file query.txt (compact mmCIF, N, CA and C atoms and all ligand atoms)
# COMPACT_ATOMS: atom_id res chain seq x y z
N MET D 1 10.13 -0.82 50.67
CA MET D 1 8.88 -0.88 49.91
C MET D 1 8.81 0.28 48.92
N ARG D 2 9.20 1.47 49.41
CA ARG D 2 9.15 2.65 48.56
C ARG D 2 10.19 2.52 47.45
N ASN D 3 11.36 1.97 47.81
CA ASN D 3 12.42 1.76 46.82
C ASN D 3 11.97 0.83 45.71
N ARG D 4 11.26 -0.21 46.09
CA ARG D 4 10.81 -1.17 45.10
C ARG D 4 9.82 -0.52 44.13
N ALA D 5 8.94 0.30 44.66
CA ALA D 5 7.96 1.01 43.82
C ALA D 5 8.67 1.93 42.84
N MET D 6 9.71 2.60 43.30
CA MET D 6 10.44 3.51 42.42
C MET D 6 11.18 2.75 41.33
N LEU D 7 11.53 1.50 41.65
CA LEU D 7 12.23 0.69 40.67
C LEU D 7 11.25 0.14 39.64
N LEU D 8 10.07 -0.26 40.12
CA LEU D 8 9.10 -0.90 39.23
C LEU D 8 8.40 0.08 38.31
N LEU D 9 8.29 1.34 38.74
CA LEU D 9 7.57 2.33 37.93
C LEU D 9 8.19 2.51 36.53
N PRO D 10 9.52 2.78 36.44
CA PRO D 10 10.09 2.92 35.09
C PRO D 10 10.00 1.65 34.26
N VAL D 11 10.13 0.51 34.94
CA VAL D 11 10.03 -0.77 34.22
C VAL D 11 8.62 -0.91 33.63
N GLY D 12 7.64 -0.57 34.45
CA GLY D 12 6.24 -0.65 34.00
C GLY D 12 5.98 0.30 32.85
N LEU D 13 6.48 1.51 32.96
CA LEU D 13 6.28 2.50 31.89
C LEU D 13 6.96 2.06 30.60
N SER D 14 8.15 1.47 30.73
CA SER D 14 8.86 0.99 29.55
C SER D 14 8.07 -0.10 28.85
N LEU D 15 7.54 -1.03 29.64
CA LEU D 15 6.75 -2.12 29.06
C LEU D 15 5.52 -1.57 28.36
N LEU D 16 4.90 -0.57 28.96
CA LEU D 16 3.70 0.04 28.38
C LEU D 16 4.05 0.69 27.04
N ALA D 17 5.18 1.41 27.01
CA ALA D 17 5.62 2.09 25.79
C ALA D 17 5.92 1.06 24.70
N LEU D 18 6.58 -0.03 25.09
CA LEU D 18 6.93 -1.08 24.16
C LEU D 18 5.67 -1.73 23.59
N ALA D 19 4.70 -1.98 24.45
CA ALA D 19 3.45 -2.61 24.02
C ALA D 19 2.71 -1.72 23.03
N SER D 20 2.66 -0.42 23.30
CA SER D 20 1.93 0.47 22.40
C SER D 20 2.68 0.61 21.08
N CYS D 21 4.01 0.51 21.14
CA CYS D 21 4.83 0.55 19.92
C CYS D 21 4.51 -0.64 19.04
N ILE D 22 4.47 -1.80 19.63
CA ILE D 22 4.19 -3.02 18.87
C ILE D 22 2.78 -2.96 18.29
N TYR D 23 1.87 -2.39 19.06
CA TYR D 23 0.48 -2.32 18.62
C TYR D 23 0.33 -1.46 17.36
N VAL D 24 1.01 -0.30 17.31
CA VAL D 24 0.84 0.59 16.16
C VAL D 24 1.81 0.28 15.02
N MET D 25 2.82 -0.54 15.29
CA MET D 25 3.82 -0.78 14.26
C MET D 25 3.23 -1.55 13.08
N ASN D 26 3.47 -1.04 11.90
CA ASN D 26 3.03 -1.72 10.69
C ASN D 26 4.09 -1.49 9.63
N LEU D 27 4.62 -2.55 9.09
CA LEU D 27 5.60 -2.41 8.03
C LEU D 27 4.88 -2.11 6.72
N ASP D 28 5.43 -1.16 5.95
CA ASP D 28 4.81 -0.78 4.68
C ASP D 28 4.85 -1.94 3.69
N PRO D 29 3.82 -2.01 2.84
CA PRO D 29 3.86 -3.01 1.78
C PRO D 29 4.89 -2.59 0.72
N VAL D 30 5.23 -3.52 -0.14
CA VAL D 30 6.17 -3.23 -1.23
C VAL D 30 5.44 -3.46 -2.56
N ALA D 31 5.30 -2.38 -3.33
CA ALA D 31 4.65 -2.49 -4.64
C ALA D 31 5.69 -2.86 -5.68
N SER D 32 5.34 -3.82 -6.51
CA SER D 32 6.25 -4.23 -7.58
C SER D 32 5.43 -4.55 -8.82
N LEU D 33 5.81 -4.01 -9.94
CA LEU D 33 5.04 -4.29 -11.15
C LEU D 33 5.98 -4.52 -12.33
N THR D 34 5.55 -5.39 -13.22
CA THR D 34 6.23 -5.53 -14.51
C THR D 34 5.22 -5.21 -15.60
N ALA D 35 5.72 -4.60 -16.68
CA ALA D 35 4.89 -4.26 -17.83
C ALA D 35 5.67 -4.69 -19.08
N LEU D 36 5.04 -5.51 -19.92
CA LEU D 36 5.70 -6.00 -21.13
C LEU D 36 4.74 -6.03 -22.31
N PRO D 37 5.11 -5.48 -23.47
CA PRO D 37 6.34 -4.72 -23.70
C PRO D 37 6.17 -3.28 -23.24
N VAL D 38 7.25 -2.51 -23.19
CA VAL D 38 7.16 -1.10 -22.77
C VAL D 38 7.34 -0.16 -23.96
N LEU D 39 7.45 -0.74 -25.15
CA LEU D 39 7.63 0.07 -26.36
C LEU D 39 7.03 -0.67 -27.54
N GLY D 40 6.28 0.07 -28.38
CA GLY D 40 5.72 -0.60 -29.56
C GLY D 40 4.70 0.28 -30.25
N ALA D 41 4.15 -0.28 -31.34
CA ALA D 41 3.18 0.46 -32.14
C ALA D 41 1.77 0.28 -31.61
N THR D 42 0.96 1.30 -31.84
CA THR D 42 -0.43 1.25 -31.41
C THR D 42 -1.22 0.23 -32.22
N PRO D 43 -2.19 -0.48 -31.70
CA PRO D 43 -2.53 -0.53 -30.27
C PRO D 43 -1.57 -1.47 -29.55
N LEU D 44 -0.96 -0.99 -28.48
CA LEU D 44 0.05 -1.78 -27.76
C LEU D 44 -0.63 -2.57 -26.64
N HIS D 45 -0.54 -3.90 -26.77
CA HIS D 45 -1.15 -4.82 -25.82
C HIS D 45 -0.12 -5.11 -24.73
N VAL D 46 -0.27 -4.48 -23.56
CA VAL D 46 0.73 -4.59 -22.50
C VAL D 46 0.23 -5.51 -21.39
N THR D 47 1.07 -6.51 -21.08
CA THR D 47 0.73 -7.42 -19.98
C THR D 47 1.32 -6.87 -18.68
N LEU D 48 0.45 -6.70 -17.69
CA LEU D 48 0.84 -6.12 -16.40
C LEU D 48 0.77 -7.19 -15.33
N ASP D 49 1.78 -7.18 -14.46
CA ASP D 49 1.90 -8.23 -13.44
C ASP D 49 2.40 -7.61 -12.14
N ALA D 50 1.66 -7.78 -11.06
CA ALA D 50 2.07 -7.23 -9.76
C ALA D 50 2.21 -8.34 -8.73
N THR D 51 2.42 -9.57 -9.21
CA THR D 51 2.47 -10.70 -8.26
C THR D 51 3.67 -10.62 -7.31
N ALA D 52 4.69 -9.83 -7.65
CA ALA D 52 5.85 -9.71 -6.76
C ALA D 52 5.59 -8.71 -5.62
N SER D 53 4.46 -8.01 -5.66
CA SER D 53 4.12 -7.10 -4.55
C SER D 53 3.86 -7.93 -3.30
N HIS D 54 4.25 -7.39 -2.14
CA HIS D 54 4.01 -8.14 -0.91
C HIS D 54 4.00 -7.21 0.30
N ASP D 55 3.55 -7.74 1.42
CA ASP D 55 3.58 -6.99 2.67
C ASP D 55 4.33 -7.85 3.68
N PRO D 56 5.43 -7.34 4.25
CA PRO D 56 6.28 -8.16 5.12
C PRO D 56 5.58 -8.63 6.40
N ASP D 57 4.55 -7.91 6.86
CA ASP D 57 3.92 -8.31 8.12
C ASP D 57 2.41 -8.43 8.00
N GLY D 58 1.93 -8.62 6.78
CA GLY D 58 0.48 -8.75 6.62
C GLY D 58 0.14 -9.15 5.21
N THR D 59 -0.97 -8.62 4.71
CA THR D 59 -1.39 -8.96 3.36
C THR D 59 -1.70 -7.69 2.58
N ILE D 60 -1.68 -7.80 1.26
CA ILE D 60 -2.08 -6.68 0.42
C ILE D 60 -3.59 -6.73 0.26
N ALA D 61 -4.24 -5.66 0.67
CA ALA D 61 -5.70 -5.63 0.68
C ALA D 61 -6.26 -5.15 -0.66
N SER D 62 -5.55 -4.24 -1.33
CA SER D 62 -6.08 -3.75 -2.60
C SER D 62 -4.99 -3.25 -3.53
N TYR D 63 -5.32 -3.29 -4.81
CA TYR D 63 -4.43 -2.81 -5.86
C TYR D 63 -5.19 -1.76 -6.65
N LEU D 64 -4.54 -0.62 -6.93
CA LEU D 64 -5.16 0.39 -7.77
C LEU D 64 -4.19 0.76 -8.89
N TRP D 65 -4.63 0.55 -10.10
CA TRP D 65 -3.81 0.86 -11.28
C TRP D 65 -4.31 2.12 -11.93
N THR D 66 -3.38 3.01 -12.29
CA THR D 66 -3.70 4.17 -13.12
C THR D 66 -2.80 4.06 -14.34
N PHE D 67 -3.40 4.10 -15.52
CA PHE D 67 -2.64 3.79 -16.73
C PHE D 67 -2.04 5.00 -17.43
N GLY D 68 -2.42 6.20 -17.01
CA GLY D 68 -1.89 7.39 -17.66
C GLY D 68 -2.64 7.78 -18.91
N ASP D 69 -3.67 7.00 -19.25
CA ASP D 69 -4.47 7.33 -20.42
C ASP D 69 -5.91 7.66 -20.01
N GLY D 70 -6.08 7.98 -18.72
CA GLY D 70 -7.40 8.33 -18.22
C GLY D 70 -8.16 7.14 -17.66
N GLN D 71 -7.59 5.94 -17.80
CA GLN D 71 -8.29 4.75 -17.29
C GLN D 71 -7.62 4.24 -16.02
N THR D 72 -8.43 3.60 -15.18
CA THR D 72 -7.93 2.99 -13.95
C THR D 72 -8.49 1.58 -13.83
N SER D 73 -7.92 0.82 -12.91
CA SER D 73 -8.39 -0.54 -12.68
C SER D 73 -8.07 -0.93 -11.26
N SER D 74 -8.89 -1.80 -10.68
CA SER D 74 -8.58 -2.36 -9.36
C SER D 74 -8.37 -3.86 -9.50
N GLU D 75 -7.82 -4.28 -10.63
CA GLU D 75 -7.48 -5.68 -10.85
C GLU D 75 -6.57 -6.16 -9.73
N SER D 76 -6.59 -7.45 -9.50
CA SER D 76 -5.69 -8.01 -8.50
C SER D 76 -4.27 -8.02 -9.04
N ALA D 77 -3.39 -8.68 -8.31
CA ALA D 77 -1.99 -8.75 -8.73
C ALA D 77 -1.80 -9.64 -9.95
N PHE D 78 -2.76 -10.50 -10.22
CA PHE D 78 -2.55 -11.49 -11.27
C PHE D 78 -2.41 -10.81 -12.63
N PRO D 79 -1.60 -11.39 -13.49
CA PRO D 79 -1.34 -10.76 -14.78
C PRO D 79 -2.63 -10.49 -15.56
N PHE D 80 -2.72 -9.31 -16.13
CA PHE D 80 -3.83 -8.95 -17.01
C PHE D 80 -3.26 -8.01 -18.06
N ALA D 81 -4.07 -7.68 -19.05
CA ALA D 81 -3.54 -6.85 -20.14
C ALA D 81 -4.31 -5.55 -20.25
N HIS D 82 -3.59 -4.52 -20.71
CA HIS D 82 -4.23 -3.25 -20.99
C HIS D 82 -3.74 -2.77 -22.34
N ASP D 83 -4.66 -2.28 -23.17
CA ASP D 83 -4.29 -1.79 -24.50
C ASP D 83 -4.07 -0.28 -24.47
N PHE D 84 -2.91 0.14 -24.98
CA PHE D 84 -2.60 1.57 -25.08
C PHE D 84 -2.68 1.96 -26.55
N THR D 85 -3.35 3.05 -26.83
CA THR D 85 -3.48 3.50 -28.22
C THR D 85 -3.10 4.98 -28.33
N VAL D 86 -2.53 5.33 -29.49
CA VAL D 86 -2.26 6.73 -29.80
C VAL D 86 -2.80 7.00 -31.20
N GLN D 87 -2.90 8.27 -31.54
CA GLN D 87 -3.36 8.63 -32.88
C GLN D 87 -2.15 8.86 -33.79
N SER D 88 -1.80 10.12 -34.05
CA SER D 88 -0.73 10.39 -35.03
C SER D 88 0.65 10.60 -34.41
N GLU D 89 0.70 10.76 -33.08
CA GLU D 89 2.01 11.04 -32.47
C GLU D 89 2.33 10.03 -31.37
N SER D 90 3.63 9.80 -31.18
CA SER D 90 4.07 8.92 -30.09
C SER D 90 3.70 9.53 -28.74
N GLU D 91 3.45 8.65 -27.80
CA GLU D 91 3.09 9.13 -26.47
C GLU D 91 3.66 8.18 -25.42
N THR D 92 4.10 8.76 -24.30
CA THR D 92 4.57 7.93 -23.19
C THR D 92 3.54 7.98 -22.07
N PHE D 93 3.11 6.79 -21.67
CA PHE D 93 2.11 6.68 -20.60
C PHE D 93 2.81 6.23 -19.33
N THR D 94 2.44 6.84 -18.21
CA THR D 94 3.01 6.44 -16.92
C THR D 94 1.99 5.58 -16.18
N ILE D 95 2.38 4.32 -16.00
CA ILE D 95 1.52 3.38 -15.27
C ILE D 95 1.89 3.47 -13.79
N VAL D 96 0.89 3.70 -12.94
CA VAL D 96 1.12 3.81 -11.51
C VAL D 96 0.31 2.73 -10.80
N LEU D 97 1.00 1.93 -10.00
CA LEU D 97 0.34 0.92 -9.17
C LEU D 97 0.46 1.33 -7.71
N VAL D 98 -0.67 1.44 -7.03
CA VAL D 98 -0.67 1.71 -5.58
C VAL D 98 -1.22 0.48 -4.88
N VAL D 99 -0.42 -0.11 -4.01
CA VAL D 99 -0.91 -1.23 -3.21
C VAL D 99 -1.16 -0.74 -1.78
N THR D 100 -2.22 -1.26 -1.18
CA THR D 100 -2.58 -0.91 0.19
C THR D 100 -2.59 -2.18 1.02
N ASP D 101 -1.92 -2.16 2.17
CA ASP D 101 -1.90 -3.37 2.99
C ASP D 101 -3.12 -3.43 3.91
N ASN D 102 -3.21 -4.51 4.68
CA ASN D 102 -4.39 -4.74 5.51
C ASN D 102 -4.50 -3.76 6.67
N GLN D 103 -3.47 -2.89 6.85
CA GLN D 103 -3.58 -1.86 7.89
C GLN D 103 -3.58 -0.46 7.30
N GLY D 104 -3.77 -0.36 5.98
CA GLY D 104 -3.96 0.95 5.36
C GLY D 104 -2.70 1.64 4.86
N ALA D 105 -1.53 1.03 5.04
CA ALA D 105 -0.30 1.64 4.52
C ALA D 105 -0.19 1.36 3.02
N THR D 106 0.47 2.27 2.30
CA THR D 106 0.53 2.11 0.85
C THR D 106 1.97 2.17 0.33
N ASP D 107 2.15 1.65 -0.87
CA ASP D 107 3.41 1.82 -1.59
C ASP D 107 3.06 1.94 -3.07
N THR D 108 3.96 2.56 -3.82
CA THR D 108 3.68 2.87 -5.22
C THR D 108 4.81 2.36 -6.11
N ALA D 109 4.44 1.82 -7.26
CA ALA D 109 5.42 1.43 -8.27
C ALA D 109 5.01 2.08 -9.59
N VAL D 110 6.00 2.47 -10.39
CA VAL D 110 5.73 3.24 -11.60
C VAL D 110 6.49 2.63 -12.78
N ARG D 111 5.87 2.57 -13.96
CA ARG D 111 6.54 2.15 -15.19
C ARG D 111 6.05 3.03 -16.34
N ASN D 112 6.96 3.35 -17.23
CA ASN D 112 6.56 4.10 -18.42
C ASN D 112 6.42 3.16 -19.62
N VAL D 113 5.43 3.46 -20.44
CA VAL D 113 5.20 2.70 -21.67
C VAL D 113 5.09 3.70 -22.82
N THR D 114 5.89 3.48 -23.85
CA THR D 114 5.86 4.40 -24.99
C THR D 114 5.20 3.74 -26.19
N VAL D 115 4.21 4.43 -26.74
CA VAL D 115 3.43 3.88 -27.85
C VAL D 115 3.62 4.78 -29.07
N ASN D 116 3.98 4.14 -30.18
CA ASN D 116 4.18 4.87 -31.43
C ASN D 116 2.96 4.71 -32.34
N PRO D 117 2.77 5.65 -33.26
CA PRO D 117 1.66 5.54 -34.21
C PRO D 117 1.82 4.30 -35.07
N ALA D 118 0.75 3.87 -35.69
CA ALA D 118 0.82 2.72 -36.58
C ALA D 118 1.76 3.04 -37.73
N PRO D 119 2.61 2.09 -38.13
CA PRO D 119 3.56 2.37 -39.20
C PRO D 119 2.86 2.57 -40.56
CA CA X 1 1.98 -4.15 6.68
call {"tool": "encode", "arguments": {"input": "query.txt", "output": "structure tokens"}}
result
Amino acid sequence: MRNRAMLLLPVGLSLLALASCIYVMNLDPVASLTALPVLGATPLHVTLDATASHDPDGTIASYLWTFGDGQTSSESAFPFAHDFTVQSESETFTIVLVVTDNQGATDTAVRNVTVNPAP
């Protein structure tokens, strides 16, 4: 009887550890963005698309875009456009997309867009 208890204890502890592992396990989402075009004259009308973003074990709960020009957006993944403008000098803007999955994990994708002054 005592031998059986000593055998079952580690098995029980292992199962408990495994269960808690599965409970907290969350695969990170994958952020993916396309920006077109990435080079052009001001005002540059850039189409942004994050539909390739996904979460392997859940869903993407939110999207946060930072355009590098002081503006942000929480648009969904569906394609939308953002206008980039410069004055007299060329400028490169860094677009950052942060996706958050349904369990709070995040991933980031980055693209640069260069805008030249009007010819
Ligand atoms: Ca996940």
call {"tool": "select_by_dssp", "arguments": {"input": "query.txt", "residues": "chain D", "states": "strand (DSSP E)", "output": "JSON, numbers by chain"}}
result
{"D": [34, 35, 36, 39, 40, 41, 44, 45, 46, 47, 48, 49, 60, 61, 62, 63, 64, 65, 66, 72, 73, 80, 81, 82, 83, 84, 91, 92, 93, 94, 95, 96, 97, 98, 99, 100, 101, 106, 107, 108, 109, 110, 111, 112, 113, 114, 115, 116]}
call {"tool": "closest_residue", "arguments": {"input": "query.txt", "among": "D:Ala52, D:Leu44, D:Leu27, D:Ala17", "to": "ligand CA 1 (chain X)", "atoms": "only C-alpha atoms and all ligand atoms"}}
result
D:Leu27
call {"tool": "closest_atom_pairs", "arguments": {"input": "query.txt", "of": "chain D", "to": "ligand CA 1 (chain X)", "cutoff": "8 Å", "atoms": "all atoms listed in the file", "output": "tab-separated table"}}
result
residue	atom	partner	partner_atom	distance
D:Met25	C	X:CA1	CA	7.0
D:Asn26	C	X:CA1	CA	4.5
D:Leu27	C	X:CA1	CA	3.5
D:Asp28	N	X:CA1	CA	4.6
D:Pro29	N	X:CA1	CA	4.8
D:Val30	N	X:CA1	CA	7.6
D:His54	C	X:CA1	CA	7.4
D:Asp55	CA	X:CA1	CA	5.2
D:Pro56	N	X:CA1	CA	5.3
D:Asp57	C	X:CA1	CA	4.5
D:Gly58	N	X:CA1	CA	4.5
D:Thr59	N	X:CA1	CA	5.7
D:Ile60	N	X:CA1	CA	7.5
D:Thr100	C	X:CA1	CA	7.5
D:Asp101	CA	X:CA1	CA	5.4
D:Asn102	N	X:CA1	CA	5.6
D:Gln103	N	X:CA1	CA	5.6
D:Gly104	N	X:CA1	CA	6.9
D:Ala105	N	X:CA1	CA	6.5
D:Thr106	N	X:CA1	CA	7.9
call {"tool": "write_last_selection", "arguments": {"input": "query.txt", "atoms": "N, CA and C atoms", "output": "PDB file, in the frame of the given file"}}
result
ATOM      1  N   MET D  25       2.820  -0.540  15.290  1.00  0.00           N
ATOM      2  CA  MET D  25       3.820  -0.780  14.260  1.00  0.00           C
ATOM      3  C   MET D  25       3.230  -1.550  13.080  1.00  0.00           C
ATOM      4  N   ASN D  26       3.470  -1.040  11.900  1.00  0.00           N
ATOM      5  CA  ASN D  26       3.030  -1.720  10.690  1.00  0.00           C
ATOM      6  C   ASN D  26       4.090  -1.490   9.630  1.00  0.00           C
ATOM      7  N   LEU D  27       4.620  -2.550   9.090  1.00  0.00           N
ATOM      8  CA  LEU D  27       5.600  -2.410   8.030  1.00  0.00           C
ATOM      9  C   LEU D  27       4.880  -2.110   6.720  1.00  0.00           C
ATOM     10  N   ASP D  28       5.430  -1.160   5.950  1.00  0.00           N
ATOM     11  CA  ASP D  28       4.810  -0.780   4.680  1.00  0.00           C
ATOM     12  C   ASP D  28       4.850  -1.940   3.690  1.00  0.00           C
ATOM     13  N   PRO D  29       3.820  -2.010   2.840  1.00  0.00           N
ATOM     14  CA  PRO D  29       3.860  -3.010   1.780  1.00  0.00           C
ATOM     15  C   PRO D  29       4.890  -2.590   0.720  1.00  0.00           C
ATOM     16  N   VAL D  30       5.230  -3.520  -0.140  1.00  0.00           N
ATOM     17  CA  VAL D  30       6.170  -3.230  -1.230  1.00  0.00           C
ATOM     18  C   VAL D  30       5.440  -3.460  -2.560  1.00  0.00           C
ATOM     19  N   HIS D  54       4.250  -7.390  -2.140  1.00  0.00           N
ATOM     20  CA  HIS D  54       4.010  -8.140  -0.910  1.00  0.00           C
ATOM     21  C   HIS D  54       4.000  -7.210   0.300  1.00  0.00           C
ATOM     22  N   ASP D  55       3.550  -7.740   1.420  1.00  0.00           N
ATOM     23  CA  ASP D  55       3.580  -6.990   2.670  1.00  0.00           C
ATOM     24  C   ASP D  55       4.330  -7.850   3.680  1.00  0.00           C
ATOM     25  N   PRO D  56       5.430  -7.340   4.250  1.00  0.00           N
ATOM     26  CA  PRO D  56       6.280  -8.160   5.120  1.00  0.00           C
ATOM     27  C   PRO D  56       5.580  -8.630   6.400  1.00  0.00           C
ATOM     28  N   ASP D  57       4.550  -7.910   6.860  1.00  0.00           N
ATOM     29  CA  ASP D  57       3.920  -8.310   8.120  1.00  0.00           C
ATOM     30  C   ASP D  57       2.410  -8.430   8.000  1.00  0.00           C
ATOM     31  N   GLY D  58       1.930  -8.620   6.780  1.00  0.00           N
ATOM     32  CA  GLY D  58       0.480  -8.750   6.620  1.00  0.00           C
ATOM     33  C   GLY D  58       0.140  -9.150   5.210  1.00  0.00           C
ATOM     34  N   THR D  59      -0.970  -8.620   4.710  1.00  0.00           N
ATOM     35  CA  THR D  59      -1.390  -8.960   3.360  1.00  0.00           C
ATOM     36  C   THR D  59      -1.700  -7.690   2.580  1.00  0.00           C
ATOM     37  N   ILE D  60      -1.680  -7.800   1.260  1.00  0.00           N
ATOM     38  CA  ILE D  60      -2.080  -6.680   0.420  1.00  0.00           C
ATOM     39  C   ILE D  60      -3.590  -6.730   0.260  1.00  0.00           C
ATOM     40  N   THR D 100      -2.220  -1.260  -1.180  1.00  0.00           N
ATOM     41  CA  THR D 100      -2.580  -0.910   0.190  1.00  0.00           C
ATOM     42  C   THR D 100      -2.590  -2.180   1.020  1.00  0.00           C
ATOM     43  N   ASP D 101      -1.920  -2.160   2.170  1.00  0.00           N
ATOM     44  CA  ASP D 101      -1.900  -3.370   2.990  1.00  0.00           C
ATOM     45  C   ASP D 101      -3.120  -3.430   3.910  1.00  0.00           C
ATOM     46  N   ASN D 102      -3.210  -4.510   4.680  1.00  0.00           N
ATOM     47  CA  ASN D 102      -4.390  -4.740   5.510  1.00  0.00           C
ATOM     48  C   ASN D 102      -4.500  -3.760   6.670  1.00  0.00           C
ATOM     49  N   GLN D 103      -3.470  -2.890   6.850  1.00  0.00           N
ATOM     50  CA  GLN D 103      -3.580  -1.860   7.890  1.00  0.00           C
ATOM     51  C   GLN D 103      -3.580  -0.460   7.300  1.00  0.00           C
ATOM     52  N   GLY D 104      -3.770  -0.360   5.980  1.00  0.00           N
ATOM     53  CA  GLY D 104      -3.960   0.950   5.360  1.00  0.00           C
ATOM     54  C   GLY D 104      -2.700   1.640   4.860  1.00  0.00           C
ATOM     55  N   ALA D 105      -1.530   1.030   5.040  1.00  0.00           N
ATOM     56  CA  ALA D 105      -0.300   1.640   4.520  1.00  0.00           C
ATOM     57  C   ALA D 105      -0.190   1.360   3.020  1.00  0.00           C
ATOM     58  N   THR D 106       0.470   2.270   2.300  1.00  0.00           N
ATOM     59  CA  THR D 106       0.530   2.110   0.850  1.00  0.00           C
ATOM     60  C   THR D 106       1.970   2.170   0.330  1.00  0.00           C
TER      61      THR D 106
END
call {"tool": "residues_around", "arguments": {"input": "query.txt", "residues": "Ser73 of chain D", "least_positions_apart": "4", "cutoff": "6 Å", "atoms": "only N, CA and C atoms", "output": "list in words"}}
result
Tyr63, Leu64, Trp65 and Thr66 of chain D
call {"tool": "write_last_selection", "arguments": {"input": "query.txt", "atoms": "N, CA and C atoms", "output": "compact mmCIF listing (two decimals), keeping the file's coordinate frame"}}
result
# COMPACT_ATOMS: atom_id res chain seq x y z
N TYR D 63 -5.32 -3.29 -4.81
CA TYR D 63 -4.43 -2.81 -5.86
C TYR D 63 -5.19 -1.76 -6.65
N LEU D 64 -4.54 -0.62 -6.93
CA LEU D 64 -5.16 0.39 -7.77
C LEU D 64 -4.19 0.76 -8.89
N TRP D 65 -4.63 0.55 -10.10
CA TRP D 65 -3.81 0.86 -11.28
C TRP D 65 -4.31 2.12 -11.93
N THR D 66 -3.38 3.01 -12.29
CA THR D 66 -3.70 4.17 -13.12
C THR D 66 -2.80 4.06 -14.34
call {"tool": "select_by_dssp", "arguments": {"input": "query.txt", "residues": "chain D", "states": "alpha helix (DSSP H)", "output": "list in words"}}
result
Arg2, Asn3, Arg4, Ala5, Met6, Leu7, Leu8, Leu9, Pro10, Val11, Gly12, Leu13, Ser14, Leu15, Leu16, Ala17, Leu18, Ala19, Ser20, Cys21, Ile22, Tyr23 and Val24 of chain D
call {"tool": "residues_around", "arguments": {"input": "query.txt", "residues": "Thr42 of chain D", "least_positions_apart": "2", "cutoff": "5 Å", "atoms": "only N, CA and C atoms", "output": "PDB file with N, CA and C atoms, in the frame of the given file"}}
result
ATOM      1  N   GLY D  40       6.280   0.070 -28.380  1.00  0.00           N
ATOM      2  CA  GLY D  40       5.720  -0.600 -29.560  1.00  0.00           C
ATOM      3  C   GLY D  40       4.700   0.280 -30.250  1.00  0.00           C
ATOM      4  N   LEU D  44      -0.960  -0.990 -28.480  1.00  0.00           N
ATOM      5  CA  LEU D  44       0.050  -1.780 -27.760  1.00  0.00           C
ATOM      6  C   LEU D  44      -0.630  -2.570 -26.640  1.00  0.00           C
ATOM      7  N   THR D  85      -3.350   3.050 -26.830  1.00  0.00           N
ATOM      8  CA  THR D  85      -3.480   3.500 -28.220  1.00  0.00           C
ATOM      9  C   THR D  85      -3.100   4.980 -28.330  1.00  0.00           C
ATOM     10  N   VAL D  86      -2.530   5.330 -29.490  1.00  0.00           N
ATOM     11  CA  VAL D  86      -2.260   6.730 -29.800  1.00  0.00           C
ATOM     12  C   VAL D  86      -2.800   7.000 -31.200  1.00  0.00           C
ATOM     13  N   ASN D 116       3.980   4.140 -30.180  1.00  0.00           N
ATOM     14  CA  ASN D 116       4.180   4.870 -31.430  1.00  0.00           C
ATOM     15  C   ASN D 116       2.960   4.710 -32.340  1.00  0.00           C
ATOM     16  N   PRO D 117       2.770   5.650 -33.260  1.00  0.00           N
ATOM     17  CA  PRO D 117       1.660   5.540 -34.210  1.00  0.00           C
ATOM     18  C   PRO D 117       1.820   4.300 -35.070  1.00  0.00           C
ATOM     19  N   ALA D 118       0.750   3.870 -35.690  1.00  0.00           N
ATOM     20  CA  ALA D 118       0.820   2.720 -36.580  1.00  0.00           C
ATOM     21  C   ALA D 118       1.760   3.040 -37.730  1.00  0.00           C
TER      22      ALA D 118
END
call {"tool": "atom_distance", "arguments": {"input": "query.txt", "atom1": "atom CA of Asn112 of chain D", "atom2": "atom CA of Phe80 of chain D"}}
result
16.7 Å
call {"tool": "residues_around", "arguments": {"input": "query.txt", "residues": "Thr51 of chain D", "least_positions_apart": "5", "cutoff": "8 Å", "atoms": "all atoms listed in the file", "output": "PDB file with N, CA and C atoms, keeping the file's coordinate frame"}}
result
ATOM      1  N   SER D  32       5.340  -3.820  -6.510  1.00  0.00           N
ATOM      2  CA  SER D  32       6.250  -4.230  -7.580  1.00  0.00           C
ATOM      3  C   SER D  32       5.430  -4.550  -8.820  1.00  0.00           C
ATOM      4  N   LEU D  33       5.810  -4.010  -9.940  1.00  0.00           N
ATOM      5  CA  LEU D  33       5.040  -4.290 -11.150  1.00  0.00           C
ATOM      6  C   LEU D  33       5.980  -4.520 -12.330  1.00  0.00           C
ATOM      7  N   THR D  34       5.550  -5.390 -13.220  1.00  0.00           N
ATOM      8  CA  THR D  34       6.230  -5.530 -14.510  1.00  0.00           C
ATOM      9  C   THR D  34       5.220  -5.210 -15.600  1.00  0.00           C
ATOM     10  N   SER D  76      -6.590  -7.450  -9.500  1.00  0.00           N
ATOM     11  CA  SER D  76      -5.690  -8.010  -8.500  1.00  0.00           C
ATOM     12  C   SER D  76      -4.270  -8.020  -9.040  1.00  0.00           C
ATOM     13  N   ALA D  77      -3.390  -8.680  -8.310  1.00  0.00           N
ATOM     14  CA  ALA D  77      -1.990  -8.750  -8.730  1.00  0.00           C
ATOM     15  C   ALA D  77      -1.800  -9.640  -9.950  1.00  0.00           C
ATOM     16  N   PHE D  78      -2.760 -10.500 -10.220  1.00  0.00           N
ATOM     17  CA  PHE D  78      -2.550 -11.490 -11.270  1.00  0.00           C
ATOM     18  C   PHE D  78      -2.410 -10.810 -12.630  1.00  0.00           C
ATOM     19  N   PRO D  79      -1.600 -11.390 -13.490  1.00  0.00           N
ATOM     20  CA  PRO D  79      -1.340 -10.760 -14.780  1.00  0.00           C
ATOM     21  C   PRO D  79      -2.630 -10.490 -15.560  1.00  0.00           C
TER      22      PRO D  79
END
